[in-house]
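J.: What follows is structure.pdb, PDB, C-alpha atoms, pLDDT in the B column.
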```pdb
MODEL        1
ATOM      1  CA  MET K   1      10.994   2.443  16.022  1.00 44.00           C
ATOM      2  CA  PRO K   2       8.622   0.291  13.962  1.00 55.00           C
ATOM      3  CA  ARG K   3       9.543   0.275  10.327  1.00 76.00           C
ATOM      4  CA  LEU K   4       7.364  -0.691   7.417  1.00 82.00           C
ATOM      5  CA  SER K   5       8.768  -3.355   5.133  1.00 83.00           C
ATOM      6  CA  ASP K   6       9.747  -2.439   1.592  1.00 86.00           C
ATOM      7  CA  LYS K   7       6.847  -4.604   0.422  1.00 88.00           C
ATOM      8  CA  SER K   8       4.397  -2.573   2.548  1.00 90.00           C
ATOM      9  CA  LEU K   9       5.795   0.710   1.227  1.00 90.00           C
ATOM     10  CA  LEU K  10       5.464  -0.612  -2.322  1.00 90.00           C
ATOM     11  CA  ALA K  11       1.854  -1.676  -1.681  1.00 93.00           C
ATOM     12  CA  ILE K  12       0.964   1.761  -0.279  1.00 94.00           C
ATOM     13  CA  ALA K  13       2.599   3.459  -3.270  1.00 93.00           C
ATOM     14  CA  ALA K  14       0.747   1.137  -5.676  1.00 94.00           C
ATOM     15  CA  VAL K  15      -2.645   1.897  -4.114  1.00 95.00           C
ATOM     16  CA  VAL K  16      -1.968   5.648  -4.182  1.00 95.00           C
ATOM     17  CA  ASP K  17      -0.749   5.369  -7.778  1.00 94.00           C
ATOM     18  CA  VAL K  18      -3.971   3.580  -8.777  1.00 95.00           C
ATOM     19  CA  ALA K  19      -6.009   6.246  -6.945  1.00 95.00           C
ATOM     20  CA  LEU K  20      -4.218   8.998  -8.850  1.00 93.00           C
ATOM     21  CA  HIS K  21      -4.176   7.405 -12.298  1.00 92.00           C
ATOM     22  CA  ALA K  22      -7.421   5.406 -12.607  1.00 86.00           C
ATOM     23  CA  ARG K  23      -9.554   8.195 -13.985  1.00 83.00           C
ATOM     24  CA  GLY K  24     -12.335   6.216 -15.569  1.00 85.00           C
ATOM     25  CA  THR K  25     -10.010   3.510 -16.865  1.00 91.00           C
ATOM     26  CA  PRO K  26      -8.128   0.837 -14.919  1.00 95.00           C
ATOM     27  CA  VAL K  27      -4.391   1.190 -14.368  1.00 94.00           C
ATOM     28  CA  ALA K  28      -2.451  -1.523 -16.201  1.00 93.00           C
ATOM     29  CA  ALA K  29       0.008  -3.495 -14.076  1.00 92.00           C
ATOM     30  CA  LYS K  30       2.701  -2.862 -16.705  1.00 92.00           C
ATOM     31  CA  ALA K  31       2.217   0.911 -16.493  1.00 92.00           C
ATOM     32  CA  LEU K  32       2.222   0.789 -12.716  1.00 91.00           C
ATOM     33  CA  ALA K  33       5.394  -1.324 -12.660  1.00 91.00           C
ATOM     34  CA  ALA K  34       7.086   0.987 -15.176  1.00 91.00           C
ATOM     35  CA  ARG K  35       6.341   4.089 -13.080  1.00 90.00           C
ATOM     36  CA  HIS K  36       7.924   2.376 -10.074  1.00 87.00           C
ATOM     37  CA  GLU K  37      10.785   0.902 -12.123  1.00 89.00           C
ATOM     38  CA  LEU K  38       9.893  -2.660 -11.143  1.00 87.00           C
ATOM     39  CA  PRO K  39       9.394  -5.821 -13.161  1.00 86.00           C
ATOM     40  CA  PRO K  40       5.634  -6.554 -13.375  1.00 82.00           C
ATOM     41  CA  ARG K  41       6.153 -10.030 -11.873  1.00 86.00           C
ATOM     42  CA  HIS K  42       7.471  -8.344  -8.705  1.00 84.00           C
ATOM     43  CA  LEU K  43       4.374  -6.179  -8.325  1.00 89.00           C
ATOM     44  CA  GLU K  44       1.650  -8.606  -9.401  1.00 91.00           C
ATOM     45  CA  PRO K  45       1.500 -10.708  -6.175  1.00 92.00           C
ATOM     46  CA  VAL K  46       1.096  -7.520  -4.120  1.00 92.00           C
ATOM     47  CA  LEU K  47      -1.696  -6.293  -6.408  1.00 94.00           C
ATOM     48  CA  GLN K  48      -3.463  -9.661  -6.281  1.00 94.00           C
ATOM     49  CA  ALA K  49      -3.317  -9.716  -2.465  1.00 94.00           C
ATOM     50  CA  LEU K  50      -4.893  -6.251  -2.449  1.00 96.00           C
ATOM     51  CA  VAL K  51      -7.636  -7.462  -4.810  1.00 96.00           C
ATOM     52  CA  HIS K  52      -8.385 -10.466  -2.591  1.00 96.00           C
ATOM     53  CA  ALA K  53      -8.618  -8.154   0.424  1.00 95.00           C
ATOM     54  CA  GLY K  54     -11.074  -5.825  -1.333  1.00 96.00           C
ATOM     55  CA  VAL K  55      -8.733  -2.822  -1.506  1.00 97.00           C
ATOM     56  CA  LEU K  56      -8.320  -2.971  -5.290  1.00 97.00           C
ATOM     57  CA  LYS K  57     -10.559  -4.335  -8.006  1.00 95.00           C
ATOM     58  CA  GLY K  58      -9.042  -6.259 -10.906  1.00 93.00           C
ATOM     59  CA  VAL K  59     -10.493  -5.557 -14.346  1.00 93.00           C
ATOM     60  CA  ARG K  60      -9.889  -8.203 -17.023  1.00 92.00           C
ATOM     61  CA  GLY K  61      -9.443  -7.701 -20.723  1.00 87.00           C
ATOM     62  CA  PRO K  62      -7.162  -5.899 -23.146  1.00 86.00           C
ATOM     63  CA  ARG K  63      -7.788  -2.566 -21.411  1.00 86.00           C
ATOM     64  CA  GLY K  64      -7.870  -4.136 -17.975  1.00 90.00           C
ATOM     65  CA  GLY K  65      -5.870  -3.357 -14.907  1.00 92.00           C
ATOM     66  CA  TYR K  66      -6.607  -2.194 -11.394  1.00 95.00           C
ATOM     67  CA  GLU K  67      -8.849   0.383  -9.800  1.00 95.00           C
ATOM     68  CA  LEU K  68      -9.837   1.129  -6.237  1.00 96.00           C
ATOM     69  CA  ALA K  69     -12.528  -1.138  -4.850  1.00 96.00           C
ATOM     70  CA  ARG K  70     -13.839   1.677  -2.607  1.00 95.00           C
ATOM     71  CA  GLU K  71     -13.560   5.434  -2.278  1.00 95.00           C
ATOM     72  CA  ARG K  72     -10.022   6.464  -1.445  1.00 92.00           C
ATOM     73  CA  ARG K  73     -11.147   8.165   1.763  1.00 95.00           C
ATOM     74  CA  ARG K  74     -12.381   4.757   2.975  1.00 96.00           C
ATOM     75  CA  ILE K  75      -9.038   2.942   2.521  1.00 96.00           C
ATOM     76  CA  THR K  76      -6.463   3.398   5.268  1.00 96.00           C
ATOM     77  CA  VAL K  77      -2.719   2.909   5.066  1.00 95.00           C
ATOM     78  CA  ALA K  78      -2.982   0.439   7.965  1.00 94.00           C
ATOM     79  CA  GLU K  79      -5.406  -1.705   5.960  1.00 95.00           C
ATOM     80  CA  VAL K  80      -2.950  -1.902   3.058  1.00 95.00           C
ATOM     81  CA  VAL K  81      -0.099  -2.767   5.431  1.00 92.00           C
ATOM     82  CA  ARG K  82      -2.157  -5.475   7.160  1.00 91.00           C
ATOM     83  CA  VAL K  83      -2.823  -7.152   3.809  1.00 92.00           C
ATOM     84  CA  VAL K  84       0.848  -7.270   2.876  1.00 88.00           C
ATOM     85  CA  GLU K  85       2.234  -8.075   6.301  1.00 84.00           C
ATOM     86  CA  ALA K  86      -0.267 -10.908   6.864  1.00 77.00           C
ATOM     87  CA  GLU K  87       1.632 -12.843   4.208  1.00 63.00           C
ATOM     88  CA  ALA K  88       4.973 -12.174   5.900  1.00 57.00           C
ATOM     89  CA  ASP K  89       4.126 -13.138   9.505  1.00 52.00           C
ATOM     90  CA  GLU K  90       6.631 -15.535  11.000  1.00 51.00           C
ATOM     91  CA  ALA K  91       5.979 -18.247  13.563  1.00 49.00           C
ATOM     92  CA  LEU K  92       7.320 -17.494  17.041  1.00 52.00           C
ATOM     93  CA  ASP K  93       7.845 -21.151  17.980  1.00 59.00           C
ATOM     94  CA  ASN K  94      11.585 -21.303  17.253  1.00 69.00           C
ATOM     95  CA  LEU K  95      12.572 -18.060  18.967  1.00 71.00           C
ATOM     96  CA  PRO K  96      14.438 -18.000  22.279  1.00 76.00           C
ATOM     97  CA  GLU K  97      12.218 -17.785  25.364  1.00 83.00           C
ATOM     98  CA  ILE K  98      13.267 -14.212  26.228  1.00 84.00           C
ATOM     99  CA  VAL K  99      12.331 -13.024  22.735  1.00 81.00           C
ATOM    100  CA  ARG K 100       8.994 -14.855  22.773  1.00 80.00           C
ATOM    101  CA  ASP K 101       8.013 -13.955  26.362  1.00 84.00           C
ATOM    102  CA  VAL K 102       9.585 -10.523  26.932  1.00 88.00           C
ATOM    103  CA  VAL K 103      10.747  -8.782  23.764  1.00 87.00           C
ATOM    104  CA  GLN K 104       7.926  -9.767  21.400  1.00 82.00           C
ATOM    105  CA  PRO K 105       5.071  -8.633  23.710  1.00 86.00           C
ATOM    106  CA  ALA K 106       6.738  -5.235  24.232  1.00 87.00           C
ATOM    107  CA  VAL K 107       7.341  -4.771  20.518  1.00 84.00           C
ATOM    108  CA  ALA K 108       3.799  -5.936  19.727  1.00 83.00           C
ATOM    109  CA  GLU K 109       2.403  -3.198  21.970  1.00 88.00           C
ATOM    110  CA  ALA K 110       4.443  -0.556  20.142  1.00 87.00           C
ATOM    111  CA  GLU K 111       3.360  -1.998  16.797  1.00 85.00           C
ATOM    112  CA  ARG K 112      -0.301  -1.696  17.826  1.00 88.00           C
ATOM    113  CA  ALA K 113       0.218   2.007  18.560  1.00 89.00           C
ATOM    114  CA  PHE K 114       1.945   2.450  15.196  1.00 89.00           C
ATOM    115  CA  GLU K 115      -0.890   0.607  13.435  1.00 89.00           C
ATOM    116  CA  ALA K 116      -3.455   2.808  15.188  1.00 91.00           C
ATOM    117  CA  ALA K 117      -1.625   5.875  13.864  1.00 91.00           C
ATOM    118  CA  LEU K 118      -1.640   4.419  10.335  1.00 91.00           C
ATOM    119  CA  ASP K 119      -5.392   3.816  10.656  1.00 91.00           C
ATOM    120  CA  GLY K 120      -5.727   7.604  10.748  1.00 92.00           C
ATOM    121  CA  VAL K 121      -4.045   8.041   7.348  1.00 93.00           C
ATOM    122  CA  THR K 122      -6.162   7.417   4.261  1.00 93.00           C
ATOM    123  CA  VAL K 123      -5.339   7.044   0.593  1.00 94.00           C
ATOM    124  CA  GLU K 124      -7.208  10.340   0.149  1.00 93.00           C
ATOM    125  CA  ASP K 125      -4.704  12.024   2.507  1.00 92.00           C
ATOM    126  CA  LEU K 126      -1.787  10.701   0.462  1.00 91.00           C
ATOM    127  CA  CYS K 127      -3.406  11.762  -2.829  1.00 91.00           C
ATOM    128  CA  ARG K 128      -3.835  15.287  -1.439  1.00 90.00           C
ATOM    129  CA  ALA K 129      -0.183  15.321  -0.370  1.00 90.00           C
ATOM    130  CA  ALA K 130       0.843  14.240  -3.883  1.00 87.00           C
ATOM    131  CA  ALA K 131      -1.268  17.031  -5.412  1.00 83.00           C
ATOM    132  CA  GLN K 132       0.272  19.602  -3.060  1.00 84.00           C
ATOM    133  CA  GLY K 133       3.746  18.354  -3.956  1.00 76.00           C
ATOM    134  CA  ASN K 134       2.922  18.788  -7.634  1.00 63.00           C
ATOM    135  CA  ALA K 135       1.631  22.312  -6.975  1.00 61.00           C
ATOM    136  CA  ARG K 136       4.906  23.196  -5.223  1.00 63.00           C
ATOM    137  CA  ARG K 137       6.795  21.945  -8.291  1.00 58.00           C
ATOM    138  CA  GLY K 138       4.632  24.144 -10.549  1.00 54.00           C
ATOM    139  CA  MET K 139       2.801  21.257 -12.240  1.00 48.00           C
ATOM    140  CA  PRO K 140      -0.924  21.578 -12.979  1.00 47.00           C
ATOM    141  CA  GLU K 141      -3.215  19.370 -10.902  1.00 52.00           C
ATOM    142  CA  GLY K 142      -4.418  17.303 -13.882  1.00 48.00           C
ATOM    143  CA  ILE K 143      -0.895  16.265 -14.910  1.00 42.00           C
ATOM    144  CA  ASP K 144       0.509  12.809 -14.228  1.00 47.00           C
ATOM    145  CA  PHE K 145       1.630  12.734 -10.582  1.00 47.00           C
ATOM    146  CA  THR K 146       5.053  11.327  -9.806  1.00 49.00           C
ATOM    147  CA  ILE K 147       5.157   9.099  -6.760  1.00 44.00           C
TER
ENDMDL
END
```
Take the structure in the file and write it out as structure tokens.
T.:
Amino acid sequence: MPRLSDKSLLAIAAVVDVALHARGTPVAAKALAARHELPPRHLEPVLQALVHAGVLKGVRGPRGGYELARERRRITVAEVVRVVEAEADEALDNLPEIVRDVVQPAVAEAERAFEAALDGVTVEDLCRAAAQGNARRGMPEGIDFTI
């Protein structure tokens, strides 16, 4: 079964976190890292890759941070994963012939199906799921969502 890397899961969580918390003001990288219990230096390269891909927008200055570059309904989970995984692609040159010629093509086909499924999931969908989870825990909708 295809599995998303930890880096991809972190990137998805970061984008959803920005979507939930950037209400008129950008989300600071420090605040984002603190909510996810990560050192900011671990998160910053992921955020910058998302800015370069046009998923997030970086805002400079003392009250700067990150906000969505587009409406959350127009950002898919697959798009976020593609940004992060593009940096992690490995060359197939040094793999054994059976892996390169038999295993990799079969796995690639399954990965395309998985990616197509992720293209159907938007940041808006995940934000709604977070709001529903908060409602089940008895927290008002305007309260800080825990991801």
J.: Figure out the distance between atom CA of K:Phe114 and atom CA of K:Arg82, please, to one decimal in Å.
T.: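 One can read the atom CA of K:Arg82 to atom CA of K:Phe114 distance as 12.0 Å.
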J.: May I ask which of the residues K:Ala131, K:Ala11, K:Ala53, K:Leu126 is the closest one to K:Arg72, counting all atoms listed in the file?
T.: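 Of K:Ala131, K:Ala11, K:Ala53, K:Leu126, the one nearest K:Arg72 is K:Leu126, counting all atoms listed in the file.
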J.: Skip K:Leu9 itself and residues of its chain fewer than 6 positions away, then list as a PyMOL selection string all residues within 10 Å of it, counting all atoms listed in the file.
T.: chain K and resi 3+77+80-81+84
J.: Given the file shown, enumerate the residues that the PyMOL selection byres ((chain K and resi 124) around 9) captures and present them as an NGL selection string.
T.: :K and (16 or 19 or 71-76 or 121-123 or 125-129)
J.: What does the structure give for the distance between atom CA of K:Ala31 and atom CA of K:Tyr66, in Å to one decimal?
T.: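 Value for the atom CA of K:Ala31-atom CA of K:Tyr66 distance: 10.7 Å.
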